[in-house]
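Participant: Contents of coords-v1.cif (mmCIF, C-alpha atoms):
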data_query
#
loop_
_atom_site.label_atom_id
_atom_site.label_comp_id
_atom_site.auth_asym_id
_atom_site.auth_seq_id
_atom_site.Cartn_x
_atom_site.Cartn_y
_atom_site.Cartn_z
CA MET A 1 133.03 78.93 103.16
CA SER A 2 132.70 81.27 106.12
CA ARG A 3 129.82 80.83 108.52
CA HIS A 4 128.47 84.30 107.72
CA GLN A 5 128.44 83.90 103.95
CA LYS A 6 125.25 83.02 102.13
CA GLN A 7 124.91 79.28 101.72
CA PRO A 8 123.59 77.74 98.54
CA ASP A 9 119.91 76.73 98.42
CA ALA A 10 119.24 73.79 100.73
CA GLY A 11 117.57 71.72 98.01
CA GLY A 12 114.02 73.08 98.22
CA SER A 13 113.91 72.83 101.99
CA TYR A 14 112.09 75.45 104.07
CA GLY A 15 114.39 74.72 106.98
CA TYR A 16 114.38 72.80 110.25
CA LEU A 17 111.87 72.40 113.05
CA VAL A 18 112.46 71.18 116.60
CA ALA A 19 109.89 70.64 119.37
CA PHE A 20 110.19 71.23 123.13
CA ASP A 21 108.06 69.98 126.01
CA SER A 22 108.35 72.96 128.34
CA VAL A 23 108.53 76.74 128.33
CA GLU A 24 111.91 76.66 130.12
CA GLN A 25 113.45 74.49 127.41
CA LEU A 26 112.05 76.81 124.73
CA LEU A 27 113.42 79.95 126.39
CA GLN A 28 116.90 78.44 126.80
CA ALA A 29 116.88 77.16 123.21
CA ALA A 30 115.70 80.52 121.85
CA ALA A 31 118.56 82.30 123.62
CA ARG A 32 121.08 79.85 122.15
CA VAL A 33 119.70 80.22 118.61
CA ARG A 34 119.79 84.02 119.00
CA ASP A 35 123.37 83.88 120.30
CA ALA A 36 124.37 81.64 117.38
CA GLY A 37 123.55 84.56 115.06
CA TYR A 38 120.48 83.31 113.20
CA THR A 39 118.13 86.03 111.96
CA ARG A 40 115.42 84.15 110.03
CA TRP A 41 113.91 81.93 112.68
CA ASP A 42 110.85 81.87 114.89
CA ALA A 43 109.37 80.31 118.02
CA HIS A 44 105.86 78.85 117.97
CA THR A 45 103.82 78.39 121.15
CA PRO A 46 100.22 77.46 122.04
CA PHE A 47 99.96 80.48 124.38
CA VAL A 48 101.79 83.69 125.23
CA VAL A 49 105.21 83.01 126.75
CA HIS A 50 106.46 85.95 128.79
CA GLY A 51 110.16 86.57 128.23
CA LEU A 52 110.23 84.95 124.80
CA ASP A 53 110.71 88.27 122.98
CA ALA A 54 113.80 89.00 125.09
CA ALA A 55 115.13 85.46 124.62
CA MET A 56 114.71 85.82 120.85
CA GLY A 57 116.22 89.31 120.78
CA ILE A 58 113.13 90.85 119.18
CA ARG A 59 113.22 94.63 118.97
CA PRO A 60 110.11 96.68 119.70
CA THR A 61 107.78 97.22 116.76
CA ILE A 62 107.14 100.53 115.02
CA LEU A 63 103.38 99.92 115.12
CA PRO A 64 102.71 102.34 118.04
CA TYR A 65 104.36 105.14 116.08
CA LEU A 66 102.29 104.30 113.02
CA VAL A 67 99.08 104.27 115.07
CA PHE A 68 99.98 107.61 116.68
CA THR A 69 100.62 109.12 113.25
CA GLY A 70 97.33 107.70 111.98
CA GLY A 71 95.47 109.20 114.95
CA LEU A 72 97.15 112.56 114.49
CA THR A 73 96.20 112.48 110.81
CA GLY A 74 92.60 111.73 111.79
CA THR A 75 92.51 114.66 114.21
CA THR A 76 93.96 116.99 111.61
CA CYS A 77 91.56 115.81 108.89
CA GLY A 78 88.56 116.15 111.22
CA ILE A 79 89.45 119.70 112.27
CA LEU A 80 90.34 120.79 108.73
CA LEU A 81 87.19 119.29 107.24
CA GLN A 82 84.99 121.10 109.77
CA TRP A 83 86.89 124.36 109.36
CA PHE A 84 86.63 124.17 105.58
CA THR A 85 82.93 123.35 105.51
CA ASN A 86 81.84 125.76 108.30
CA ALA A 87 84.21 128.72 108.05
CA HIS A 88 85.52 128.77 104.50
CA ASP A 89 83.26 127.03 102.01
CA TYR A 90 79.87 127.93 103.49
CA PRO A 91 80.16 130.41 106.37
CA PHE A 92 76.89 130.76 108.23
CA LEU A 93 76.79 133.51 110.82
CA ILE A 94 74.26 132.88 113.60
CA SER A 95 73.62 135.53 116.30
CA GLY A 96 77.19 136.76 116.32
CA LYS A 97 78.72 133.39 117.21
CA PRO A 98 82.18 132.68 115.79
CA ILE A 99 82.26 131.03 112.37
CA PHE A 100 84.70 128.41 113.64
CA SER A 101 84.98 127.39 117.28
CA LEU A 102 87.22 124.52 118.34
CA PRO A 103 85.12 123.25 121.30
CA ALA A 104 82.14 122.61 119.03
CA ASN A 105 84.30 120.52 116.71
CA ILE A 106 86.01 118.28 119.30
CA PRO A 107 83.58 115.32 119.04
CA VAL A 108 84.08 114.89 115.30
CA ALA A 109 87.86 115.34 115.65
CA PHE A 110 87.92 112.72 118.42
CA GLU A 111 85.95 110.21 116.34
CA MET A 112 88.21 110.78 113.33
CA THR A 113 91.23 110.21 115.58
CA ILE A 114 89.85 106.86 116.74
CA LEU A 115 88.84 105.83 113.22
CA PHE A 116 92.20 106.64 111.62
CA ALA A 117 94.18 105.09 114.51
CA ALA A 118 92.13 101.88 114.40
CA LEU A 119 92.45 101.53 110.63
CA THR A 120 96.19 102.25 110.83
CA ALA A 121 96.56 99.60 113.55
CA LEU A 122 94.75 97.00 111.45
CA VAL A 123 96.55 97.71 108.17
CA GLY A 124 99.91 98.20 109.92
CA MET A 125 99.63 94.91 111.82
CA LEU A 126 98.72 93.01 108.66
CA ALA A 127 101.54 94.63 106.66
CA LEU A 128 104.22 94.20 109.35
CA ASN A 129 103.27 90.54 109.87
CA LEU A 130 103.20 89.90 106.10
CA LEU A 131 99.58 88.78 106.33
CA PRO A 132 97.45 87.31 104.96
CA GLN A 133 99.58 84.26 104.33
CA LEU A 134 97.21 81.53 103.25
CA ALA A 135 99.76 78.71 103.17
CA HIS A 136 103.01 78.10 105.00
CA PRO A 137 105.47 75.21 104.69
CA LEU A 138 105.26 74.50 108.44
CA HIS A 139 101.56 73.63 108.09
CA GLY A 140 102.58 70.45 106.25
CA SER A 141 104.41 69.05 109.28
CA ARG A 142 102.45 66.52 111.34
CA SER A 143 104.27 67.36 114.55
CA PHE A 144 103.74 71.11 114.07
CA LYS A 145 99.98 70.63 114.47
CA ARG A 146 100.68 70.32 118.21
CA ALA A 147 101.88 73.95 118.29
CA THR A 148 98.31 74.95 119.11
CA ASP A 149 97.94 72.27 121.78
CA ASP A 150 100.86 71.35 124.02
CA ARG A 151 104.22 71.72 122.23
CA PHE A 152 106.68 74.55 121.73
CA PHE A 153 108.68 74.81 118.50
CA ILE A 154 111.61 76.62 117.00
CA SER A 155 111.96 76.80 113.24
CA ILE A 156 115.01 78.05 111.35
CA GLU A 157 114.60 78.97 107.71
CA ALA A 158 117.00 77.79 105.03
CA ARG A 159 117.02 81.41 103.74
CA ASP A 160 118.96 82.52 106.82
CA PRO A 161 122.32 84.01 105.82
CA ILE A 162 124.28 81.65 108.10
CA PHE A 163 122.13 78.55 107.49
CA ASP A 164 124.21 75.46 106.91
CA PRO A 165 122.23 72.19 106.77
CA VAL A 166 124.74 70.25 108.88
CA ALA A 167 125.67 72.95 111.40
CA THR A 168 122.08 74.05 111.88
CA ARG A 169 120.89 70.50 112.47
CA GLU A 170 123.69 69.94 114.98
CA LEU A 171 122.76 73.13 116.83
CA LEU A 172 119.09 72.16 117.00
CA GLU A 173 119.93 68.63 118.17
CA SER A 174 122.08 70.08 120.96
CA LEU A 175 119.18 72.18 122.31
CA GLY A 176 117.51 69.26 124.06
CA GLY A 177 114.29 69.14 122.06
CA SER A 178 112.72 66.15 120.38
CA ALA A 179 113.81 64.97 116.95
CA VAL A 180 114.84 67.67 114.50
CA GLU A 181 112.61 67.64 111.43
CA GLU A 182 113.47 68.96 108.00
CA VAL A 183 110.52 70.88 106.57
CA PRO A 184 110.15 70.71 102.79
CA GLY A 185 109.82 74.06 100.98
#
I need this file expressed as structure tokens, please.
Facilitator:
Amino acid sequence: MSRHQKQPDAGGSYGYLVAFDSVEQLLQAAARVRDAGYTRWDAHTPFVVHGLDAAMGIRPTILPYLVFTGGLTGTTCGILLQWFTNAHDYPFLISGKPIFSLPANIPVAFEMTILFAALTALVGMLALNLLPQLAHPLHGSRSFKRATDDRFFISIEARDPIFDPVATRELLESLGGSAVEEVPG
């Protein structure tokens, strides 16, 4: 079977987990896993590691575009709502002032922009991160509990198209981390 063909289910296993003691080890290991062609894997750290996104080959997210679109929608809705209520639905002429004047409507349009952008950011972040996820197979690992303290981890899922139990374990063992652990699914 070719390395790039889908492997059969790994017997109910979520995948493999390997721990590292330092940021440098993690960054080198992440680059090697990326270069090996894995696509369903992740790095877990107790704090932000600068350069990890590049080492993992992570592309920029579309969230800024979604937030911009949400803000633009908010601006449009705010202006249209005020135009409709003040100039179309119930025009009220006072001392010859214009029925609709953009400067008078800027504060509401601004607040609608912020509201729609913030809500889009929240919902977009949750959706793109597949949250909420109340349980995860990695939470059952005793060693993974140190991911919030002083260890750095790489996990490779058994669902990865090129996952092979033997080859993946050998790759993870060659990265220089502590013992490779199989995580039950």
Participant: Could you spell out the hits of the PyMOL selection byres ((chain A and resi 48-63) around 9) on the shown file, as a ChimeraX atom specification?
Facilitator: /A:23,26-35,42-43,45-47,64-68,120-121,124-125,128
Participant: So that I can see what lies close to range 116-118 of chain A, please list as a PyMOL selection string the residues with an atom at most 10 Å from it, counting all atoms listed in the file and leaving out residues fewer than 4 positions away in the same chain.
Facilitator: chain A and resi 64+66-75+77+111-112+122-124
Participant: List as a list in words the protein and nucleic acid residues near Tyr38 in chain A, meaning an atom at most 12 Å away when all atoms listed in the file are counted, but skip any in the same chain fewer than 6 places from it.
Facilitator: Arg3, His4, Ala30, Ala31, Arg32, Met56, Gly57, Ile154, Ser155, Ile156, Glu157, Ala158, Arg159, Asp160, Pro161, Ile162, Phe163, Asp164, Ala167, Thr168, Leu171 and Leu172 of chain A
Participant: As an exercise, work out the distance from CA of Phe110 in chain A to CA of Asn129 in chain A in Å and give it to one decimal place.
Facilitator: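 About the pair CA of Phe110 in chain A and CA of Asn129 in chain A: they are 28.3 Å apart.
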Participant: Would you compute the distance between CA of Leu81 in chain A and CA of Gly96 in chain A? Give it in Å to one decimal.
Facilitator: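 According to the coordinates, CA of Leu81 in chain A and CA of Gly96 in chain A are separated by 22.1 Å.
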Participant: Quick one, how far is CA of Leu130 in chain A from CA of Val183 in chain A?
Facilitator: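 CA of Val183 in chain A lies 20.4 Å from CA of Leu130 in chain A.
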Participant: Please provide the set of residues having any atom within 9 Å of Gly185 in chain A, restricted to only C-alpha atoms, with same-chain residues fewer than 3 positions apart removed, written as a ChimeraX atom specification.
Facilitator: /A:11-15,136-138
Participant: Using the chain letters and numbering of this document, enumerate as a PyMOL selection string the residues selected by the PyMOL selection byres ((chain A and resi 149) around 12).
Facilitator: chain A and resi 21+44-47+143-148+150-153
Participant: Next, the residues of the selection above should be written as a PDB file, in the coordinates of the input with C-alpha atoms.
Facilitator:
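File result-v7.pdb, as written:
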ATOM      1  CA  ASP A  21     108.060  69.980 126.010  1.00  0.00           C
ATOM      2  CA  HIS A  44     105.860  78.850 117.970  1.00  0.00           C
ATOM      3  CA  THR A  45     103.820  78.390 121.150  1.00  0.00           C
ATOM      4  CA  PRO A  46     100.220  77.460 122.040  1.00  0.00           C
ATOM      5  CA  PHE A  47      99.960  80.480 124.380  1.00  0.00           C
ATOM      6  CA  SER A 143     104.270  67.360 114.550  1.00  0.00           C
ATOM      7  CA  PHE A 144     103.740  71.110 114.070  1.00  0.00           C
ATOM      8  CA  LYS A 145      99.980  70.630 114.470  1.00  0.00           C
ATOM      9  CA  ARG A 146     100.680  70.320 118.210  1.00  0.00           C
ATOM     10  CA  ALA A 147     101.880  73.950 118.290  1.00  0.00           C
ATOM     11  CA  THR A 148      98.310  74.950 119.110  1.00  0.00           C
ATOM     12  CA  ASP A 150     100.860  71.350 124.020  1.00  0.00           C
ATOM     13  CA  ARG A 151     104.220  71.720 122.230  1.00  0.00           C
ATOM     14  CA  PHE A 152     106.680  74.550 121.730  1.00  0.00           C
ATOM     15  CA  PHE A 153     108.680  74.810 118.500  1.00  0.00           C
TER      16      PHE A 153
END
Participant: With distances taken over only C-alpha atoms, which residue among A:Ser178, A:Thr113, A:Ile99, A:Glu170 lies nearest Ala36 in chain A?
Facilitator: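 For Ala36 in chain A, the nearest of the given residues is A:Glu170.
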Participant: Would you mind listing what lies within 8 Å of Ile79 in chain A as a PyMOL selection string, with all atoms listed in the file counted and same-chain residues fewer than 5 positions away left out?
Facilitator: chain A and resi 105-106+108-109
Participant: So, with only C-alpha atoms as the atoms that count, which of A:Val18, A:Leu80, A:Leu102, A:Ile94 lies closest to Glu181 in chain A?
Facilitator: A:Val18
Participant: Using all atoms listed in the file, pick whichever of A:Glu182, A:Pro91, A:Glu24, A:Lys97 has the shortest atom-to-atom distance to Ser141 in chain A.
Facilitator: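 For Ser141 in chain A, the nearest of the candidates is A:Glu182.
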Participant: Write out as AutoDock Vina command-line options an axis-aligned box for range 132-138 of chain A: all of its atoms listed in the file, 4 Å added on each side, centre and edge lengths in Å with one decimal.
Facilitator:
--center_x 101.3 --center_y 80.9 --center_z 105.8 --size_x 16.3 --size_y 20.8 --size_z 13.3
Participant: Would you please work out which residue, of A:Pro132, A:Tyr16, A:Thr85, A:Leu115, is nearest to Trp41 in chain A when using all atoms listed in the file?
Facilitator: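 For Trp41 in chain A, the nearest of the candidates is A:Tyr16.
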